[in-house]
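Everything below belongs to coords33.cif, which stores mmCIF, C-alpha atoms.
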```cif
data_work
loop_
_atom_site.label_atom_id
_atom_site.label_comp_id
_atom_site.auth_asym_id
_atom_site.auth_seq_id
_atom_site.Cartn_x
_atom_site.Cartn_y
_atom_site.Cartn_z
CA MET I 153 46.92 83.24 160.63
CA LEU I 154 48.52 80.02 161.78
CA ILE I 155 46.36 77.25 163.18
CA GLN I 156 48.12 74.66 165.31
CA GLU I 157 46.74 71.42 166.65
CA LEU I 158 47.43 71.22 170.36
CA THR I 159 49.06 68.28 172.07
CA ASN I 160 47.05 66.27 174.58
CA GLU I 161 49.17 67.77 177.35
CA ASP I 162 48.36 71.30 176.13
CA ASN I 163 44.66 70.43 176.07
CA LEU I 164 44.65 69.17 179.64
CA ASN I 165 46.69 72.15 180.88
CA LEU I 166 44.18 74.50 179.29
CA LEU I 167 41.23 72.64 180.81
CA ALA I 168 42.79 72.97 184.24
CA HIS I 169 42.50 76.76 184.16
CA MET I 170 39.38 77.15 182.01
CA HIS I 171 36.01 77.16 183.75
CA LEU I 172 33.45 78.53 181.32
CA GLY I 173 32.40 76.24 178.50
CA ARG I 174 29.47 75.29 176.31
CA LEU I 175 27.79 71.95 176.82
CA ALA I 176 25.91 70.36 173.93
CA CYS I 177 23.46 67.48 174.30
CA ALA I 178 20.89 66.02 171.90
CA GLN I 179 17.39 64.60 171.92
CA GLY I 180 16.60 62.70 168.76
CA ALA I 181 18.08 64.75 165.92
CA GLN I 182 17.83 68.06 167.83
CA PRO I 183 21.03 69.35 169.48
CA TYR I 184 20.93 71.82 172.38
CA VAL I 185 23.82 73.93 173.65
CA VAL I 186 24.07 75.97 176.85
CA PRO I 187 26.87 77.79 178.67
CA PHE I 188 28.12 76.08 181.85
CA TYR I 189 30.87 76.34 184.42
CA PHE I 190 33.06 73.34 185.17
CA ALA I 191 36.11 72.21 187.09
CA TYR I 192 38.49 69.69 185.53
CA GLN I 193 40.16 66.83 187.35
CA ASN I 194 41.57 63.47 186.21
CA ASN I 195 39.78 63.06 182.89
CA TYR I 196 36.45 64.42 184.16
CA LEU I 197 34.70 67.79 184.04
CA TYR I 198 32.66 68.37 187.21
CA SER I 199 29.62 70.59 187.30
CA PHE I 200 26.08 70.92 188.55
CA ALA I 201 22.77 72.37 187.45
CA THR I 202 19.21 72.61 188.63
CA ILE I 203 16.74 70.25 187.00
CA GLY I 204 15.84 71.46 183.53
CA GLN I 205 15.83 70.60 179.87
CA ARG I 206 19.56 69.89 179.67
CA ILE I 207 19.51 67.45 182.63
CA GLU I 208 16.48 65.62 181.25
CA TRP I 209 18.09 65.33 177.83
CA MET I 210 21.43 64.10 179.21
CA ARG I 211 19.70 61.52 181.41
CA ALA I 212 17.99 60.16 178.30
CA ASN I 213 21.10 60.37 176.09
CA PRO I 214 24.47 60.65 177.87
CA LEU I 215 26.50 61.50 174.74
CA VAL I 216 27.62 65.13 175.00
CA CYS I 217 30.12 67.55 173.50
CA VAL I 218 31.87 70.35 175.38
CA GLU I 219 33.60 73.33 173.79
CA THR I 220 35.71 75.81 175.72
CA ASP I 221 37.81 78.61 174.35
CA GLU I 222 39.62 81.86 174.90
CA VAL I 223 39.08 84.24 172.00
CA ALA I 224 41.19 87.42 172.03
CA SER I 225 40.34 88.11 168.38
CA SER I 226 39.47 86.19 165.22
CA GLU I 227 43.23 85.71 164.72
CA GLU I 228 44.23 84.87 168.26
CA TRP I 229 42.33 82.15 170.03
CA VAL I 230 42.46 78.71 171.53
CA SER I 231 39.57 76.23 171.39
CA VAL I 232 39.23 72.78 172.95
CA ILE I 233 36.49 70.33 171.95
CA ILE I 234 35.58 67.25 173.97
CA PHE I 235 33.38 64.31 173.13
CA GLY I 236 32.21 62.93 176.43
CA ARG I 237 29.72 60.99 178.46
CA TYR I 238 27.35 62.39 181.08
CA GLU I 239 27.42 60.70 184.48
CA GLU I 240 25.13 61.82 187.24
CA LEU I 241 26.44 61.85 190.81
CA PRO I 242 23.37 60.86 192.85
CA ASN I 243 23.16 61.35 196.61
CA THR I 244 24.03 57.73 197.49
CA PRO I 245 26.77 56.25 199.72
CA GLU I 246 28.51 54.86 196.59
CA ARG I 247 28.83 58.32 195.05
CA LYS I 248 29.64 60.21 198.25
CA MET I 249 33.36 60.52 197.39
CA GLU I 250 32.72 61.91 193.91
CA ARG I 251 30.10 64.35 195.19
CA GLU I 252 32.51 65.62 197.83
CA LEU I 253 35.20 65.98 195.18
CA ALA I 254 32.78 67.80 192.88
CA TYR I 255 31.70 70.09 195.69
CA GLU I 256 35.27 70.87 196.75
CA LEU I 257 36.36 71.60 193.20
CA LEU I 258 33.32 73.66 192.40
CA LYS I 259 33.35 75.87 195.46
CA GLN I 260 36.87 77.03 194.55
CA LYS I 261 35.36 78.87 191.60
CA ALA I 262 34.10 82.05 193.25
CA ASN I 263 30.45 82.54 192.39
CA TRP I 264 30.71 80.33 189.33
CA TRP I 265 27.81 78.17 190.38
CA GLU I 266 25.25 80.90 190.77
CA PRO I 267 23.81 80.63 187.26
CA GLY I 268 23.11 76.95 187.94
CA TYR I 269 21.82 77.61 191.41
CA ALA I 270 19.86 80.84 191.04
CA LYS I 271 16.23 80.41 191.91
CA THR I 272 14.36 80.98 188.71
CA ILE I 273 10.69 81.68 188.25
CA ILE I 274 9.59 81.03 184.71
CA ARG I 275 5.99 81.77 183.78
CA GLY I 276 4.95 81.80 187.41
CA THR I 277 6.42 78.41 188.37
CA ALA I 278 9.48 78.25 190.59
CA ARG I 279 12.17 75.97 189.21
CA SER I 280 13.45 73.35 191.62
CA LEU I 281 16.49 74.43 193.59
CA ASP I 282 17.75 70.89 194.20
CA PRO I 283 21.14 70.79 192.52
CA VAL I 284 21.99 67.85 190.25
CA TYR I 285 25.70 67.04 190.46
CA PHE I 286 27.23 65.51 187.39
CA ARG I 287 30.50 64.92 185.63
CA ILE I 288 31.51 64.52 181.98
CA GLN I 289 33.89 61.70 181.25
CA ILE I 290 36.33 62.80 178.53
CA VAL I 291 36.28 60.24 175.72
CA GLN I 292 38.07 62.27 173.04
CA ILE I 293 39.72 65.68 173.16
CA THR I 294 41.09 67.93 170.43
CA GLY I 295 42.34 71.50 170.59
CA HIS I 296 43.57 74.19 168.24
CA ARG I 297 45.36 77.49 168.65
CA GLY I 298 45.15 80.35 166.16
CA THR I 299 47.91 82.96 166.10
CA PRO I 300 48.52 85.95 163.83
CA ASP I 301 50.80 85.33 160.86
CA SER I 302 53.27 87.93 162.09
CA ALA I 303 54.00 85.94 165.24
CA GLU I 304 56.78 83.46 164.69
CA VAL I 305 55.20 80.44 166.29
CA ILE I 306 57.30 77.35 165.95
CA ASP I 307 56.60 74.48 168.28
CA ALA I 308 58.66 71.43 167.51
CA LYS I 309 56.65 69.35 169.97
CA SER I 310 53.38 70.00 168.18
CA PRO I 311 52.47 67.07 165.91
CA THR I 312 51.30 69.36 163.09
CA ILE I 313 52.08 72.93 162.19
CA GLU I 314 49.44 74.44 160.00
CA HIS I 315 49.85 77.42 157.73
CA ALA I 316 47.34 79.95 156.49
CA ASP I 317 47.72 81.74 153.20
CA LYS I 318 50.10 84.63 153.58
CA GLN I 319 48.15 86.84 151.23
CA SER I 320 46.92 90.14 152.56
CA ILE I 321 43.31 90.45 153.65
CA HIS I 322 42.66 92.33 150.42
CA ASN I 323 43.99 89.50 148.29
CA ILE I 324 42.07 86.84 150.18
CA LEU I 325 38.86 88.83 149.90
CA GLY I 326 39.43 89.16 146.17
CA ALA I 327 39.94 85.42 145.75
CA LEU I 328 36.89 84.70 147.87
CA ARG I 329 34.78 87.09 145.87
CA LYS I 330 35.95 85.47 142.63
CA ARG I 331 35.10 82.01 143.92
CA LEU I 332 31.76 83.24 145.21
CA PHE I 333 30.47 84.53 141.90
CA SER I 334 32.18 82.30 139.35
CA LYS I 335 30.26 79.47 137.79
CA MET A 294 21.64 87.40 191.18
CA LEU A 295 18.55 88.20 189.14
CA ILE A 296 17.84 86.23 186.00
CA GLN A 297 15.49 87.85 183.51
CA GLU A 298 13.96 86.33 180.41
CA LEU A 299 14.57 88.66 177.48
CA THR A 300 11.86 89.83 175.11
CA ASN A 301 12.01 88.77 171.49
CA GLU A 302 12.98 92.34 170.56
CA ASP A 303 15.88 92.24 173.06
CA ASN A 304 17.05 88.92 171.60
CA LEU A 305 17.09 90.24 168.03
CA ASN A 306 18.84 93.47 169.08
CA LEU A 307 21.54 91.44 170.80
CA LEU A 308 21.99 89.17 167.76
CA ALA A 309 22.49 92.24 165.55
CA HIS A 310 25.68 93.19 167.39
CA MET A 311 26.94 89.75 168.42
CA HIS A 312 29.16 87.88 165.99
CA LEU A 313 30.84 85.05 167.90
CA GLY A 314 28.66 82.07 168.80
CA ARG A 315 28.73 78.33 169.27
CA LEU A 316 27.03 76.12 166.72
CA ALA A 317 25.83 72.66 167.76
CA CYS A 318 24.84 69.93 165.33
CA ALA A 319 24.24 66.20 165.83
CA GLN A 320 24.87 62.92 164.09
CA GLY A 321 22.77 60.12 165.52
CA ALA A 322 22.87 60.59 169.30
CA GLN A 323 26.24 62.41 169.26
CA PRO A 324 26.16 66.22 169.48
CA TYR A 325 29.07 68.36 168.26
CA VAL A 326 29.69 72.01 169.11
CA VAL A 327 32.17 74.45 167.54
CA PRO A 328 32.78 78.19 167.76
CA PHE A 329 31.72 80.19 164.68
CA TYR A 330 31.29 83.76 163.52
CA PHE A 331 27.99 84.91 162.09
CA ALA A 332 26.11 87.96 160.86
CA TYR A 333 22.40 88.29 161.63
CA GLN A 334 19.78 89.60 159.24
CA ASN A 335 16.01 89.08 158.94
CA ASN A 336 15.59 85.88 160.95
CA TYR A 337 18.76 84.25 159.57
CA LEU A 338 22.33 83.88 160.81
CA TYR A 339 24.78 83.96 157.88
CA SER A 340 28.14 82.24 157.99
CA PHE A 341 30.56 80.10 156.07
CA ALA A 342 33.08 77.37 156.71
CA THR A 343 35.41 75.13 154.81
CA ILE A 344 34.28 71.56 154.25
CA GLY A 345 34.67 69.53 157.41
CA GLN A 346 32.88 67.47 160.01
CA ARG A 347 30.38 70.16 160.93
CA ILE A 348 29.30 70.77 157.30
CA GLU A 349 28.95 67.04 156.66
CA TRP A 350 26.86 66.58 159.80
CA MET A 351 24.59 69.57 159.05
CA ARG A 352 24.03 68.39 155.48
CA ALA A 353 22.85 65.04 156.85
CA ASN A 354 20.79 66.57 159.70
CA PRO A 355 19.86 70.26 159.36
CA LEU A 356 18.59 70.66 162.96
CA VAL A 357 21.04 72.87 164.84
CA CYS A 358 21.31 74.95 167.99
CA VAL A 359 23.24 78.21 168.35
CA GLU A 360 24.30 79.80 171.60
CA THR A 361 25.82 83.27 171.86
CA ASP A 362 26.61 85.23 174.98
CA GLU A 363 28.49 88.04 176.64
CA VAL A 364 29.83 86.97 180.02
CA ALA A 365 31.33 89.73 182.16
CA SER A 366 31.23 87.51 185.25
CA SER A 367 29.18 84.62 186.64
CA GLU A 368 26.73 87.25 187.94
CA GLU A 369 26.61 89.50 184.92
CA TRP A 370 25.89 87.94 181.58
CA VAL A 371 23.50 87.64 178.71
CA SER A 372 22.91 84.43 176.77
CA VAL A 373 20.76 83.79 173.70
CA ILE A 374 19.86 80.28 172.51
CA ILE A 375 18.43 79.51 169.09
CA PHE A 376 16.90 76.36 167.69
CA GLY A 377 17.36 76.56 163.97
CA ARG A 378 17.67 74.91 160.61
CA TYR A 379 20.78 74.71 158.44
CA GLU A 380 20.39 75.88 154.83
CA GLU A 381 23.29 75.73 152.44
CA LEU A 382 23.71 78.53 149.91
CA PRO A 383 25.08 76.70 146.85
CA ASN A 384 26.71 78.49 143.93
CA THR A 385 23.60 78.45 141.71
CA PRO A 386 21.70 81.28 139.97
CA GLU A 387 18.74 80.73 142.35
CA ARG A 388 20.91 81.36 145.41
CA LYS A 389 23.00 84.19 143.92
CA MET A 390 21.12 86.89 145.86
CA GLU A 391 21.52 85.14 149.22
CA ARG A 392 25.20 84.43 148.59
CA GLU A 393 25.81 88.08 147.74
CA LEU A 394 23.94 89.09 150.89
CA ALA A 395 25.95 86.62 152.96
CA TYR A 396 29.19 87.84 151.45
CA GLU A 397 28.36 91.52 152.00
CA LEU A 398 27.34 90.92 155.59
CA LEU A 399 30.29 88.74 156.36
CA LYS A 400 32.99 90.98 154.91
CA GLN A 401 31.87 93.75 157.27
CA LYS A 402 33.26 91.71 160.15
CA ALA A 403 36.95 92.50 159.97
CA ASN A 404 38.92 89.27 159.77
CA TRP A 405 36.10 87.29 161.30
CA TRP A 406 36.14 84.74 158.53
CA GLU A 407 39.75 83.77 158.81
CA PRO A 408 39.19 80.84 161.16
CA GLY A 409 36.78 79.37 158.60
CA TYR A 410 39.01 80.24 155.68
CA ALA A 411 42.48 79.54 157.00
CA LYS A 412 44.26 76.89 155.00
CA THR A 413 44.72 74.01 157.35
CA ILE A 414 47.03 71.07 157.00
CA ILE A 415 46.03 68.25 159.29
CA ARG A 416 48.18 65.15 159.35
CA GLY A 417 49.81 66.07 156.06
CA THR A 418 46.60 66.55 154.08
CA ALA A 419 45.56 70.04 153.03
CA ARG A 420 41.92 70.79 153.84
CA SER A 421 39.84 72.13 150.98
CA LEU A 422 39.76 75.92 150.79
CA ASP A 423 36.43 76.08 148.96
CA PRO A 424 34.14 77.97 151.30
CA VAL A 425 30.66 76.61 151.99
CA TYR A 426 28.19 79.46 152.52
CA PHE A 427 25.24 78.71 154.74
CA ARG A 428 22.60 80.31 156.86
CA ILE A 429 20.68 79.22 159.95
CA GLN A 430 16.96 79.89 159.88
CA ILE A 431 15.81 80.88 163.37
CA VAL A 432 12.92 78.63 164.42
CA GLN A 433 12.87 79.44 168.14
CA ILE A 434 14.83 81.96 170.21
CA THR A 435 15.14 82.47 173.96
CA GLY A 436 17.44 84.73 175.92
CA HIS A 437 18.30 85.45 179.53
CA ARG A 438 20.18 88.18 181.34
CA GLY A 439 21.87 87.74 184.70
CA THR A 440 22.54 90.79 186.83
CA PRO A 441 23.97 91.18 190.34
CA ASP A 442 21.42 91.38 193.14
CA SER A 443 22.55 94.86 194.06
CA ALA A 444 21.50 96.25 190.69
CA GLU A 445 17.89 97.38 190.73
CA VAL A 446 16.78 95.88 187.46
CA ILE A 447 13.09 96.29 186.84
CA ASP A 448 11.84 95.92 183.30
CA ALA A 449 8.08 96.17 183.06
CA LYS A 450 8.16 95.04 179.43
CA SER A 451 9.79 91.73 180.28
CA PRO A 452 7.21 88.91 180.44
CA THR A 453 8.81 87.40 183.53
CA ILE A 454 11.04 88.80 186.23
CA GLU A 455 13.04 86.17 187.98
CA HIS A 456 14.51 86.37 191.42
CA ALA A 457 17.51 84.66 192.93
CA ASP A 458 17.82 83.95 196.59
CA LYS A 459 19.01 87.03 198.41
CA GLN A 460 21.16 85.06 200.82
CA SER A 461 24.84 85.82 200.93
CA ILE A 462 27.24 83.55 199.11
CA HIS A 463 28.20 82.13 202.46
CA ASN A 464 24.64 81.20 203.31
CA ILE A 465 23.99 79.61 199.93
CA LEU A 466 27.17 77.58 200.17
CA GLY A 467 26.07 76.39 203.60
CA ALA A 468 22.66 75.32 202.32
CA LEU A 469 24.25 73.62 199.34
CA ARG A 470 26.67 71.74 201.53
CA LYS A 471 23.85 70.59 203.79
CA ARG A 472 21.85 69.33 200.85
CA LEU A 473 24.90 67.67 199.38
CA PHE A 474 25.70 65.49 202.35
CA SER A 475 22.29 64.87 203.93
CA LYS A 476 20.55 61.63 203.26
#
```

Could you show the structure in this file as structure tokens?
Amino acid sequence: MLIQELTNEDNLNLLAHMHLGRLACAQGAQPYVVPFYFAYQNNYLYSFATIGQRIEWMRANPLVCVETDEVASSEEWVSVIIFGRYEELPNTPERKMERELAYELLKQKANWWEPGYAKTIIRGTARSLDPVYFRIQIVQITGHRGTPDSAEVIDAKSPTIEHADKQSIHNILGALRKRLFSK
Amino acid sequence: MLIQELTNEDNLNLLAHMHLGRLACAQGAQPYVVPFYFAYQNNYLYSFATIGQRIEWMRANPLVCVETDEVASSEEWVSVIIFGRYEELPNTPERKMERELAYELLKQKANWWEPGYAKTIIRGTARSLDPVYFRIQIVQITGHRGTPDSAEVIDAKSPTIEHADKQSIHNILGALRKRLFSK
């Protein structure tokens, strides 16, 4: 397998057509990760959720990490990881433009928002249906693409081209086993 | 859409056949999430990786969160979230049994381990190929299943049955829009 680091342009192009990601936040030393749908525009990921643990945690600590990927197999995948900052879009005149933008972007994703919007009754108590609009400011972004060894992937624009061992699976397993049990 | 909370038995059955997840760790207030492959057995998720940021962070702070899911569409999905504890399986006589178990479990997943094992050259420096074996002890597990409204899903064993609004997409969008722009 080859693993290539993606260019910044590649990363942003991928974000523009990806909508399902995983959003990690943290409270104290405890991280928390949930699936979420988003829409990318101009260095921000737009999304919304109903009030819940993730919103409370991100209000208290706005540092987040987002991972999004397309995995065809363990040898063929692309993964983008973002360090970012949570920003709530409250229902105020100052934020009206961003909320409208978020709403317009989000409604283009057919049905995407239903997991965030679905009325949920947990242990007899209805969860609030008021949506919280937010966006993630992208502070740092990195992406990688894995491709099978057999594919001749040469991308002169890519800053690094990374090579996996060309041994067969059998050989790699043997080496791994040796390393595992040797002292 | 209906959202159901899964039973503990459902969660463990799902884990037994799921292998791709997202692993979140944290350093200070900054969370970090990466895709990873795992094999479940007896309250532990087994995996390995080459030395890198995630291993360094988990060594310093063993509190982690794992999310795994199967998303057919925004209305049809299952998602399991685990709060857990990172435990390294060093190459010592005391951990020989667990390492063998990890190795046996992991090699059953054809090719799964290649992303963790692939030799990677980043900015001219080869990354170490020594694998770090680890497991995640499951401390808390919760799971949810989303199903389209039209499906008659009734599971008497489930502790809670959750109901989404039965309005059409059009109606929900209208309500959302109203809430968005009203003061």

Could you state which residues are captured by the PyMOL selection byres ((chain I and resi 202-217) around 9) in this file, as a VMD selection string?
(chain I and resid 174 to 180 184 to 186 200 to 201 218 to 219 233 to 240 268 to 271 279 to 285 288) or (chain A and resid 317 322 to 326)

Translate the PyMOL selection byres ((chain A and resi 305) around 10) into a concrete residue list for this structure, as an MDAnalysis selection string.
chainID A and resid 299:304 306:311 333:336 373 434:436

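Atom CA of A:Tyr337 sits 13.7 Å away from atom CA of A:Gly314.
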
Neighbouring residues of A:Tyr339 were defined as those with any atom within 6 Å, considering only C-alpha atoms; residues of the same chain fewer than 2 positions away were excluded. Please report them as a ChimeraX atom specification.
/A:331-332,395,428

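What the PyMOL selection byres ((chain A and resi 363) around 10) matches in the given file is A:Leu307, A:Met311, A:Leu313, A:Gly314, A:Thr361, A:Asp362, A:Val364, A:Ala365, A:Ser366, A:Glu369, A:Trp370, A:Val371, A:Ser372, A:Val373, A:Arg438.
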
Residues of the last selection are to be written out with C-alpha atoms, as a compact mmCIF listing (two decimals), in the frame of the given file.
```
# COMPACT_ATOMS: atom_id res chain seq x y z
CA LEU A 307 21.54 91.44 170.80
CA MET A 311 26.94 89.75 168.42
CA LEU A 313 30.84 85.05 167.90
CA GLY A 314 28.66 82.07 168.80
CA THR A 361 25.82 83.27 171.86
CA ASP A 362 26.61 85.23 174.98
CA VAL A 364 29.83 86.97 180.02
CA ALA A 365 31.33 89.73 182.16
CA SER A 366 31.23 87.51 185.25
CA GLU A 369 26.61 89.50 184.92
CA TRP A 370 25.89 87.94 181.58
CA VAL A 371 23.50 87.64 178.71
CA SER A 372 22.91 84.43 176.77
CA VAL A 373 20.76 83.79 173.70
CA ARG A 438 20.18 88.18 181.34
```

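A straight line drawn from atom CA of A:His312 to atom CA of I:Glu157 is 24.1 Å long.
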
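The nearest approach to chain I among the residues A:Val432, A:Pro441, A:Asn384, A:Leu399, with all atoms listed in the file taken into account, belongs to A:Asn384.
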
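Among the candidates I:Thr299, I:Ser226, I:Gln292, I:Ser199, the one nearest to chain A when counting all atoms listed in the file is I:Ser226.
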
Starting from the incomplete input, reconstruct N, CA and C atoms of stretch 180-209 of chain I and report them as a compact mmCIF listing (two decimals), keeping the file's coordinate frame.
```txt
# COMPACT_ATOMS: atom_id res chain seq x y z
N GLY I 180 16.91 63.03 170.15
CA GLY I 180 16.60 62.70 168.76
C GLY I 180 17.62 63.40 167.88
N ALA I 181 17.16 64.06 166.83
CA ALA I 181 18.08 64.75 165.92
C ALA I 181 18.35 66.19 166.34
N GLN I 182 17.72 66.65 167.44
CA GLN I 182 17.83 68.06 167.83
C GLN I 182 18.95 68.28 168.85
N PRO I 183 20.01 68.99 168.48
CA PRO I 183 21.03 69.35 169.48
C PRO I 183 20.58 70.56 170.31
N TYR I 184 21.23 70.73 171.45
CA TYR I 184 20.93 71.82 172.38
C TYR I 184 22.24 72.22 173.03
N VAL I 185 22.54 73.50 173.06
CA VAL I 185 23.82 73.93 173.65
C VAL I 185 23.59 75.07 174.62
N VAL I 186 24.21 74.96 175.79
CA VAL I 186 24.07 75.97 176.85
C VAL I 186 25.46 76.27 177.44
N PRO I 187 25.63 77.49 177.96
CA PRO I 187 26.87 77.79 178.67
C PRO I 187 26.88 77.09 180.02
N PHE I 188 28.03 76.68 180.51
CA PHE I 188 28.12 76.08 181.85
C PHE I 188 29.51 76.30 182.43
N TYR I 189 29.58 76.25 183.75
CA TYR I 189 30.87 76.34 184.42
C TYR I 189 31.28 74.94 184.86
N PHE I 190 32.58 74.67 184.81
CA PHE I 190 33.06 73.34 185.17
C PHE I 190 34.41 73.45 185.88
N ALA I 191 34.77 72.35 186.52
CA ALA I 191 36.11 72.21 187.09
C ALA I 191 36.66 70.87 186.60
N TYR I 192 37.89 70.90 186.09
CA TYR I 192 38.49 69.69 185.53
C TYR I 192 39.32 68.96 186.57
N GLN I 193 39.20 67.65 186.61
CA GLN I 193 40.16 66.83 187.35
C GLN I 193 40.17 65.40 186.83
N ASN I 194 41.38 64.88 186.56
CA ASN I 194 41.57 63.47 186.21
C ASN I 194 40.59 62.93 185.16
N ASN I 195 40.59 63.54 184.00
CA ASN I 195 39.78 63.06 182.89
C ASN I 195 38.28 63.30 183.03
N TYR I 196 37.88 64.10 184.01
CA TYR I 196 36.45 64.42 184.16
C TYR I 196 36.26 65.93 184.30
N LEU I 197 35.14 66.43 183.76
CA LEU I 197 34.70 67.79 184.04
C LEU I 197 33.56 67.70 185.05
N TYR I 198 33.68 68.40 186.17
CA TYR I 198 32.66 68.37 187.21
C TYR I 198 31.80 69.62 187.13
N SER I 199 30.51 69.44 187.36
CA SER I 199 29.62 70.59 187.30
C SER I 199 28.32 70.28 188.03
N PHE I 200 27.43 71.22 188.09
CA PHE I 200 26.08 70.92 188.55
C PHE I 200 25.09 71.89 187.95
N ALA I 201 23.84 71.53 188.00
CA ALA I 201 22.77 72.37 187.45
C ALA I 201 21.50 72.06 188.22
N THR I 202 20.54 72.96 188.12
CA THR I 202 19.21 72.61 188.63
C THR I 202 18.51 71.80 187.55
N ILE I 203 17.49 71.06 187.96
CA ILE I 203 16.74 70.25 187.00
C ILE I 203 16.22 71.14 185.88
N GLY I 204 16.32 70.68 184.67
CA GLY I 204 15.84 71.46 183.53
C GLY I 204 16.03 70.65 182.28
N GLN I 205 15.80 71.31 181.15
CA GLN I 205 15.83 70.60 179.87
C GLN I 205 17.16 69.87 179.64
N ARG I 206 18.28 70.53 179.98
CA ARG I 206 19.56 69.89 179.67
C ARG I 206 19.77 68.62 180.49
N ILE I 207 19.35 68.64 181.78
CA ILE I 207 19.51 67.45 182.63
C ILE I 207 18.62 66.32 182.11
N GLU I 208 17.38 66.66 181.77
CA GLU I 208 16.48 65.62 181.25
C GLU I 208 17.03 65.00 179.96
N TRP I 209 17.55 65.85 179.09
CA TRP I 209 18.09 65.33 177.83
C TRP I 209 19.33 64.46 178.06
```
